[in-house]
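Colleague: Data file data.cif (mmCIF, C-alpha atoms) is appended below.
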```cif
data_protein
#
loop_
_atom_site.label_atom_id
_atom_site.label_comp_id
_atom_site.auth_asym_id
_atom_site.auth_seq_id
_atom_site.Cartn_x
_atom_site.Cartn_y
_atom_site.Cartn_z
CA MET B 45 144.17 105.07 95.91
CA LYS B 46 141.24 106.84 97.55
CA GLN B 47 138.65 108.20 95.12
CA VAL B 48 137.51 111.76 95.65
CA ASN B 49 134.38 113.09 94.04
CA LYS B 50 134.46 116.70 92.93
CA MET B 51 131.37 118.77 92.35
CA VAL B 52 131.61 120.52 88.99
CA GLN B 53 130.76 124.21 89.01
CA VAL B 54 129.40 125.98 85.95
CA GLU B 55 132.74 127.73 85.35
CA ASP B 56 134.50 124.31 85.44
CA PHE B 57 132.22 122.84 82.78
CA ASN B 58 134.41 121.99 79.81
CA ILE B 59 133.35 119.48 77.19
CA ASP B 60 136.94 118.45 76.49
CA ASN B 61 137.49 117.64 80.17
CA LEU B 62 134.24 115.67 80.24
CA LYS B 63 135.25 113.67 77.15
CA LYS B 64 138.67 112.96 78.67
CA ALA B 65 137.13 111.86 81.97
CA PHE B 66 134.70 109.61 80.10
CA LEU B 67 137.45 107.98 78.05
CA GLU B 68 139.47 107.39 81.22
CA GLY B 69 136.46 105.89 83.01
CA ARG B 70 136.29 108.72 85.55
CA LEU B 71 132.94 110.23 84.58
CA TYR B 72 129.95 109.40 86.78
CA ILE B 73 126.53 110.98 86.75
CA GLN B 74 124.49 111.09 89.93
CA SER B 75 120.86 110.22 89.35
CA SER B 76 118.41 113.00 90.10
CA THR B 77 116.28 110.45 91.94
CA PRO B 78 118.55 108.24 94.01
CA GLU B 79 117.67 104.57 93.78
CA LYS B 80 115.80 103.26 96.74
CA SER B 81 117.88 101.05 98.94
CA ARG B 82 116.59 97.49 99.13
CA GLU B 83 117.79 97.23 102.71
CA ALA B 84 115.85 100.36 103.63
CA GLY B 85 112.77 98.78 102.04
CA ILE B 86 113.24 95.56 103.99
CA GLN B 87 113.59 97.53 107.22
CA ALA B 88 110.44 99.54 106.42
CA ILE B 89 108.48 96.32 105.82
CA LEU B 90 109.84 94.79 109.03
CA ARG B 91 108.73 97.85 111.01
CA TYR B 92 105.30 97.65 109.36
CA VAL B 93 104.71 93.98 110.18
CA SER B 94 106.25 94.27 113.65
CA ARG B 95 103.07 96.11 114.66
CA ILE B 96 101.27 92.76 114.67
CA ASP B 97 103.99 90.61 116.27
CA ALA B 98 101.83 90.19 119.36
CA CYS B 99 99.13 88.64 117.17
CA ALA B 100 101.31 85.67 116.22
CA SER B 101 100.20 82.28 117.46
CA ASP B 102 102.11 80.85 120.40
CA ALA B 103 104.16 78.53 118.19
CA TYR B 104 105.49 81.49 116.18
CA ARG B 105 105.48 84.40 118.64
CA SER B 106 109.22 84.23 119.33
CA SER B 107 110.18 83.68 115.70
CA ILE B 108 107.75 85.85 113.72
CA HIS B 109 110.37 88.55 113.11
CA THR B 110 112.85 85.91 111.91
CA LEU B 111 110.19 84.44 109.63
CA TRP B 112 109.56 87.80 107.97
CA GLU B 113 113.32 88.40 107.62
CA LYS B 114 113.70 85.00 105.98
CA ILE B 115 110.81 85.69 103.60
CA LEU B 116 112.00 89.18 102.64
CA ARG B 117 115.59 88.06 102.08
CA SER B 118 114.62 84.88 100.25
CA PRO B 119 116.04 84.62 96.72
CA GLU B 120 112.76 83.04 95.61
CA LEU B 121 110.29 85.39 97.33
CA GLY B 122 112.22 88.57 98.18
CA ASP B 123 111.72 90.32 94.84
CA LEU B 124 107.93 89.98 95.20
CA PHE B 125 107.98 92.63 97.92
CA PHE B 126 109.40 95.40 95.75
CA LEU B 127 107.68 97.21 92.92
CA ASN B 128 109.41 97.10 89.55
CA ARG B 129 106.81 98.08 86.99
CA TYR B 130 106.94 101.88 86.87
CA SER B 131 110.11 103.91 87.14
CA ASN B 132 108.71 106.36 89.68
CA SER B 133 107.90 103.57 92.14
CA ARG B 134 110.56 101.04 91.18
CA GLY B 135 112.29 99.61 94.24
CA GLU B 136 109.65 100.77 96.71
CA PRO B 137 108.07 98.21 99.05
CA ASN B 138 105.00 96.46 97.69
CA TRP B 139 102.62 96.98 100.61
CA TYR B 140 99.88 95.07 98.76
CA ARG B 141 102.05 91.95 98.69
CA VAL B 142 102.90 92.38 102.38
CA ASN B 143 99.18 92.32 103.15
CA VAL B 144 98.71 89.25 100.95
CA VAL B 145 101.44 87.37 102.82
CA MET B 146 99.99 88.48 106.17
CA ALA B 147 96.61 87.04 105.06
CA VAL B 148 98.23 83.74 104.00
CA LEU B 149 100.02 83.54 107.35
CA LEU B 150 96.74 84.27 109.14
CA GLU B 151 94.91 81.61 107.14
CA ASN B 152 97.58 79.10 108.15
CA ASN B 153 97.37 80.12 111.82
CA ILE B 154 100.82 81.70 112.00
CA TYR B 155 98.84 84.71 113.20
CA LYS B 156 95.97 83.77 115.53
CA ARG B 157 93.17 82.93 113.13
CA ASP B 158 90.60 82.53 115.89
CA ALA B 159 91.35 85.95 117.41
CA TYR B 160 91.92 88.22 114.39
CA THR B 161 90.70 88.85 110.88
CA ALA B 162 92.87 89.99 108.00
CA VAL B 163 91.16 93.38 108.14
CA GLN B 164 91.99 93.77 111.84
CA LEU B 165 95.65 92.91 111.23
CA HIS B 166 95.77 95.28 108.26
CA LEU B 167 94.37 98.11 110.38
CA MET B 168 96.98 97.43 113.08
CA MET B 169 99.81 97.48 110.54
CA GLU B 170 98.49 100.69 109.00
CA GLN B 171 97.76 102.19 112.42
CA SER B 172 94.42 103.28 111.04
CA GLU B 173 90.72 102.81 111.57
CA LYS B 174 89.92 102.48 107.85
CA ARG B 175 91.07 100.02 105.25
CA ASN B 176 93.18 101.56 102.52
CA SER B 177 94.26 100.49 99.06
CA HIS B 178 97.05 98.30 100.47
CA TYR B 179 94.27 96.00 101.60
CA THR B 180 91.57 96.58 99.02
CA GLY B 181 94.00 96.30 96.09
CA MET B 182 95.89 93.25 97.27
CA ASN B 183 93.89 90.94 94.97
CA ARG B 184 96.16 92.12 92.13
CA TYR B 185 99.20 90.74 93.98
CA LEU B 186 98.11 87.28 95.09
CA LEU B 187 100.69 84.55 95.43
CA GLY B 188 100.84 81.55 93.15
CA ARG B 189 100.55 77.99 94.40
CA ASP B 190 104.33 77.43 94.33
CA GLN B 191 104.97 80.68 96.18
CA ILE B 192 102.49 79.77 98.91
CA LYS B 193 104.04 76.32 99.21
CA LEU B 194 107.51 77.86 99.62
CA LEU B 195 106.19 80.38 102.14
CA LEU B 196 104.69 77.60 104.23
CA GLN B 197 107.95 75.65 104.07
CA TYR B 198 109.67 78.63 105.69
CA THR B 199 107.07 78.64 108.47
CA GLU B 200 107.62 74.95 109.24
CA CYS B 201 111.33 75.55 109.83
CA LEU B 202 110.59 78.13 112.54
CA ARG B 203 107.63 76.63 114.35
CA LEU B 204 108.12 75.75 118.00
CA PRO B 205 107.12 72.22 118.99
#
```
Could you take the file, read its structure, and then write that structure out as structure tokens?

Modeller:
Amino acid sequence: MKQVNKMVQVEDFNIDNLKKAFLEGRLYIQSSTPEKSREAGIQAILRYVSRIDACASDAYRSSIHTLWEKILRSPELGDLFFLNRYSNSRGEPNWYRVNVVMAVLLENNIYKRDAYTAVQLHLMMEQSEKRNSHYTGMNRYLLGRDQIKLLLQYTECLRLP
């Protein structure tokens, strides 16, 4: 049976009907702030980092997008890229962490370490001429040793010979 949602008008508001709908499992409340879609967040991050795809080293140039997809969808690392501390920003992309991962990838020559600095890549991703808090505040979102190790394992799987 197809479910049909009905918008309740003020004149339809009846506490007895609401109680009955609740008891029958038919009462749903739409949140005033719809939850952010994780997929939308992943796509936003992928658009953000795609601005520096051309900066990837030759061994990763053709697979850099796949690497980011793998990282963002990883059960071990994926949650790191979404804020969860405060309700007003819960589920939003963690741009600080994206910049941290970009810097780790740069340090490990996935992005051309001899041609770019982390600041230059940050400015390209932000499409700006000035650093912002996504870069300057990333020290609060550094990766742990195990997370870096896992990240680098992902890069080894995608490196061209």

Colleague: Around (117.0, 97.7, 96.2) in the file's frame, which residues reach within 12 Å when counting all atoms listed in the file? Return as a short mmCIF file (atom, residue, chain, number, x, y, z; two decimals) with C-alpha atoms, keeping the file's coordinate frame?

Modeller:
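Below you can see out-v4.cif, which holds the result:
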```
data_model
loop_
_atom_site.label_atom_id
_atom_site.label_comp_id
_atom_site.auth_asym_id
_atom_site.auth_seq_id
_atom_site.Cartn_x
_atom_site.Cartn_y
_atom_site.Cartn_z
CA PRO B 78 118.55 108.24 94.01
CA GLU B 79 117.67 104.57 93.78
CA LYS B 80 115.80 103.26 96.74
CA SER B 81 117.88 101.05 98.94
CA ARG B 82 116.59 97.49 99.13
CA GLU B 83 117.79 97.23 102.71
CA ALA B 84 115.85 100.36 103.63
CA GLY B 85 112.77 98.78 102.04
CA ILE B 86 113.24 95.56 103.99
CA GLN B 87 113.59 97.53 107.22
CA LEU B 116 112.00 89.18 102.64
CA ARG B 117 115.59 88.06 102.08
CA GLY B 122 112.22 88.57 98.18
CA ASP B 123 111.72 90.32 94.84
CA LEU B 124 107.93 89.98 95.20
CA PHE B 125 107.98 92.63 97.92
CA PHE B 126 109.40 95.40 95.75
CA LEU B 127 107.68 97.21 92.92
CA ASN B 128 109.41 97.10 89.55
CA SER B 133 107.90 103.57 92.14
CA ARG B 134 110.56 101.04 91.18
CA GLY B 135 112.29 99.61 94.24
CA GLU B 136 109.65 100.77 96.71
CA PRO B 137 108.07 98.21 99.05
#
```

Colleague: Report as a PDB file with C-alpha atoms, in the coordinates of the input the full result of the PyMOL selection byres ((chain B and resi 113) around 12) when it is applied to this structure.

Modeller:
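The file below, part.pdb, is the result:
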```
ATOM      1  CA  GLU B  83     117.790  97.230 102.710  1.00  0.00           C
ATOM      2  CA  GLY B  85     112.770  98.780 102.040  1.00  0.00           C
ATOM      3  CA  ILE B  86     113.240  95.560 103.990  1.00  0.00           C
ATOM      4  CA  GLN B  87     113.590  97.530 107.220  1.00  0.00           C
ATOM      5  CA  ALA B  88     110.440  99.540 106.420  1.00  0.00           C
ATOM      6  CA  ILE B  89     108.480  96.320 105.820  1.00  0.00           C
ATOM      7  CA  LEU B  90     109.840  94.790 109.030  1.00  0.00           C
ATOM      8  CA  ARG B  91     108.730  97.850 111.010  1.00  0.00           C
ATOM      9  CA  VAL B  93     104.710  93.980 110.180  1.00  0.00           C
ATOM     10  CA  SER B  94     106.250  94.270 113.650  1.00  0.00           C
ATOM     11  CA  SER B 107     110.180  83.680 115.700  1.00  0.00           C
ATOM     12  CA  ILE B 108     107.750  85.850 113.720  1.00  0.00           C
ATOM     13  CA  HIS B 109     110.370  88.550 113.110  1.00  0.00           C
ATOM     14  CA  THR B 110     112.850  85.910 111.910  1.00  0.00           C
ATOM     15  CA  LEU B 111     110.190  84.440 109.630  1.00  0.00           C
ATOM     16  CA  TRP B 112     109.560  87.800 107.970  1.00  0.00           C
ATOM     17  CA  LYS B 114     113.700  85.000 105.980  1.00  0.00           C
ATOM     18  CA  ILE B 115     110.810  85.690 103.600  1.00  0.00           C
ATOM     19  CA  LEU B 116     112.000  89.180 102.640  1.00  0.00           C
ATOM     20  CA  ARG B 117     115.590  88.060 102.080  1.00  0.00           C
ATOM     21  CA  SER B 118     114.620  84.880 100.250  1.00  0.00           C
ATOM     22  CA  PRO B 119     116.040  84.620  96.720  1.00  0.00           C
ATOM     23  CA  LEU B 121     110.290  85.390  97.330  1.00  0.00           C
ATOM     24  CA  GLY B 122     112.220  88.570  98.180  1.00  0.00           C
ATOM     25  CA  PHE B 125     107.980  92.630  97.920  1.00  0.00           C
ATOM     26  CA  TYR B 198     109.670  78.630 105.690  1.00  0.00           C
ATOM     27  CA  THR B 199     107.070  78.640 108.470  1.00  0.00           C
ATOM     28  CA  LEU B 202     110.590  78.130 112.540  1.00  0.00           C
TER      29      LEU B 202
END
```

Colleague: Just checking: using only C-alpha atoms, which residue out of B:Glu68, B:Asp102, B:Glu55, B:Asp97 ends up closest to Leu165 of chain B?

Modeller: B:Asp97

Colleague: With only C-alpha atoms as the atoms that count, which of B:Arg70, B:His166, B:Arg203, B:Arg189 lies nearest to Tyr92 of chain B?

Modeller: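 The answer is B:His166, which sits nearest to Tyr92 of chain B.
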
Colleague: Atom CA of Tyr160 of chain B and atom CA of Cys99 of chain B, how far apart in Å?

Modeller: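 Between atom CA of Cys99 of chain B and atom CA of Tyr160 of chain B the gap is 7.7 Å.
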
Colleague: Evaluate the PyMOL selection byres ((chain B and resi 177) around 12) and record the selected residues as a list in words, following the chain and residue labels used in the document.

Modeller: Asn138, Trp139, Tyr140, Arg141, Asn143, Val163, His166, Leu167, Glu170, Lys174, Arg175, Asn176, His178, Tyr179, Thr180, Gly181, Met182, Asn183 and Arg184 of chain B

Colleague: Tell me which of B:Arg129, B:Val148, B:Ile59, B:Met168 sits closest to Ile96 of chain B, counting only C-alpha atoms.

Modeller: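 Among B:Arg129, B:Val148, B:Ile59, B:Met168, it is B:Met168 that comes nearest to Ile96 of chain B.
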
Colleague: Could you work out how far atom CA of Val144 of chain B lies from atom CA of Arg95 of chain B, giving the answer in Å with one decimal?

Modeller: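 Those two atoms sit 15.9 Å apart.
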
Colleague: To one decimal place in Å, what is the distance between atom CA of Leu187 of chain B and atom CA of Asn152 of chain B?

Modeller: 14.2 Å

Colleague: Between B:Ser106, B:Ala98, B:Leu196, B:Met169, which residue has the minimum interatomic distance to Glu151 of chain B, considering all atoms listed in the file?

Modeller: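 Selected residue with least distance to Glu151 of chain B: B:Leu196.
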
Colleague: I'd like the residues picked by the PyMOL selection byres ((chain B and resi 103) around 8) written out as a PyMOL selection string, using the chain letters and numbers from the file.

Modeller: chain B and resi 100-102+104-106+154+203-205

Colleague: Measuring between all atoms listed in the file, which one of B:Leu67, B:Tyr155, B:Gln171, B:Val145 shows the shortest distance to Leu194 of chain B?

Modeller: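 Once distances to Leu194 of chain B are computed over all atoms listed in the file, the minimum belongs to B:Val145.
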
Colleague: Would you place a box with edges along x, y and z of the file around all atoms of segment 156-168 of chain B listed there, add 5 Å to each of its six sides, and report the centre and edge lengths in Å to one decimal, as AutoDock Vina command-line options?

Modeller:
```
--center_x 93.8 --center_y 90.3 --center_z 112.7 --size_x 16.4 --size_y 25.6 --size_z 19.4
```

Colleague: Output segment 142-162 of chain B as a short mmCIF file (atom, residue, chain, number, x, y, z; two decimals), in the frame of the given file, making sure N, CA, C and O atoms are there.

Modeller:
```cif
data_model
loop_
_atom_site.label_atom_id
_atom_site.label_comp_id
_atom_site.auth_asym_id
_atom_site.auth_seq_id
_atom_site.Cartn_x
_atom_site.Cartn_y
_atom_site.Cartn_z
N VAL B 142 102.72 92.60 100.95
CA VAL B 142 102.90 92.38 102.38
C VAL B 142 101.57 91.98 103.01
O VAL B 142 101.50 91.04 103.81
N ASN B 143 100.50 92.65 102.62
CA ASN B 143 99.18 92.32 103.15
C ASN B 143 98.71 90.95 102.68
O ASN B 143 98.05 90.23 103.42
N VAL B 144 99.06 90.59 101.46
CA VAL B 144 98.71 89.25 100.95
C VAL B 144 99.40 88.18 101.80
O VAL B 144 98.78 87.20 102.22
N VAL B 145 100.69 88.36 102.05
CA VAL B 145 101.44 87.37 102.82
C VAL B 145 100.90 87.31 104.25
O VAL B 145 100.74 86.23 104.82
N MET B 146 100.58 88.46 104.82
CA MET B 146 99.99 88.48 106.17
C MET B 146 98.70 87.65 106.16
O MET B 146 98.47 86.85 107.07
N ALA B 147 97.87 87.79 105.14
CA ALA B 147 96.61 87.04 105.06
C ALA B 147 96.87 85.55 104.91
O ALA B 147 96.16 84.73 105.52
N VAL B 148 97.88 85.17 104.14
CA VAL B 148 98.23 83.74 104.00
C VAL B 148 98.71 83.20 105.35
O VAL B 148 98.33 82.10 105.76
N LEU B 149 99.54 83.98 106.03
CA LEU B 149 100.02 83.54 107.35
C LEU B 149 98.87 83.44 108.34
O LEU B 149 98.84 82.51 109.17
N LEU B 150 97.92 84.33 108.27
CA LEU B 150 96.74 84.27 109.14
C LEU B 150 95.92 83.02 108.82
O LEU B 150 95.52 82.29 109.72
N GLU B 151 95.70 82.78 107.55
CA GLU B 151 94.91 81.61 107.14
C GLU B 151 95.55 80.30 107.62
O GLU B 151 94.85 79.33 107.90
N ASN B 152 96.86 80.31 107.72
CA ASN B 152 97.58 79.10 108.15
C ASN B 152 97.94 79.14 109.63
O ASN B 152 98.80 78.38 110.08
N ASN B 153 97.28 80.00 110.36
CA ASN B 153 97.37 80.12 111.82
C ASN B 153 98.77 80.48 112.34
O ASN B 153 99.10 80.18 113.47
N ILE B 154 99.56 81.14 111.52
CA ILE B 154 100.82 81.70 112.00
C ILE B 154 100.48 82.92 112.84
O ILE B 154 101.06 83.17 113.89
N TYR B 155 99.50 83.70 112.37
CA TYR B 155 98.84 84.71 113.20
C TYR B 155 97.56 84.05 113.71
O TYR B 155 96.98 83.20 113.03
N LYS B 156 97.12 84.42 114.89
CA LYS B 156 95.97 83.77 115.53
C LYS B 156 94.69 83.96 114.72
O LYS B 156 94.05 85.00 114.76
N ARG B 157 94.33 82.91 114.01
CA ARG B 157 93.17 82.93 113.13
C ARG B 157 91.87 83.05 113.91
O ARG B 157 90.91 83.67 113.45
N ASP B 158 91.83 82.48 115.11
CA ASP B 158 90.60 82.53 115.89
C ASP B 158 90.41 83.86 116.63
O ASP B 158 89.32 84.14 117.12
N ALA B 159 91.43 84.69 116.67
CA ALA B 159 91.35 85.95 117.41
C ALA B 159 91.31 87.19 116.51
O ALA B 159 90.86 88.24 116.95
N TYR B 160 91.79 87.05 115.27
CA TYR B 160 91.92 88.22 114.39
C TYR B 160 91.42 87.91 112.99
O TYR B 160 91.48 86.76 112.54
N THR B 161 91.01 88.96 112.31
CA THR B 161 90.70 88.85 110.88
C THR B 161 91.82 89.55 110.11
O THR B 161 92.60 90.32 110.70
N ALA B 162 91.87 89.32 108.84
CA ALA B 162 92.87 89.99 108.00
C ALA B 162 92.68 91.50 108.04
O ALA B 162 93.66 92.25 108.06
#
```
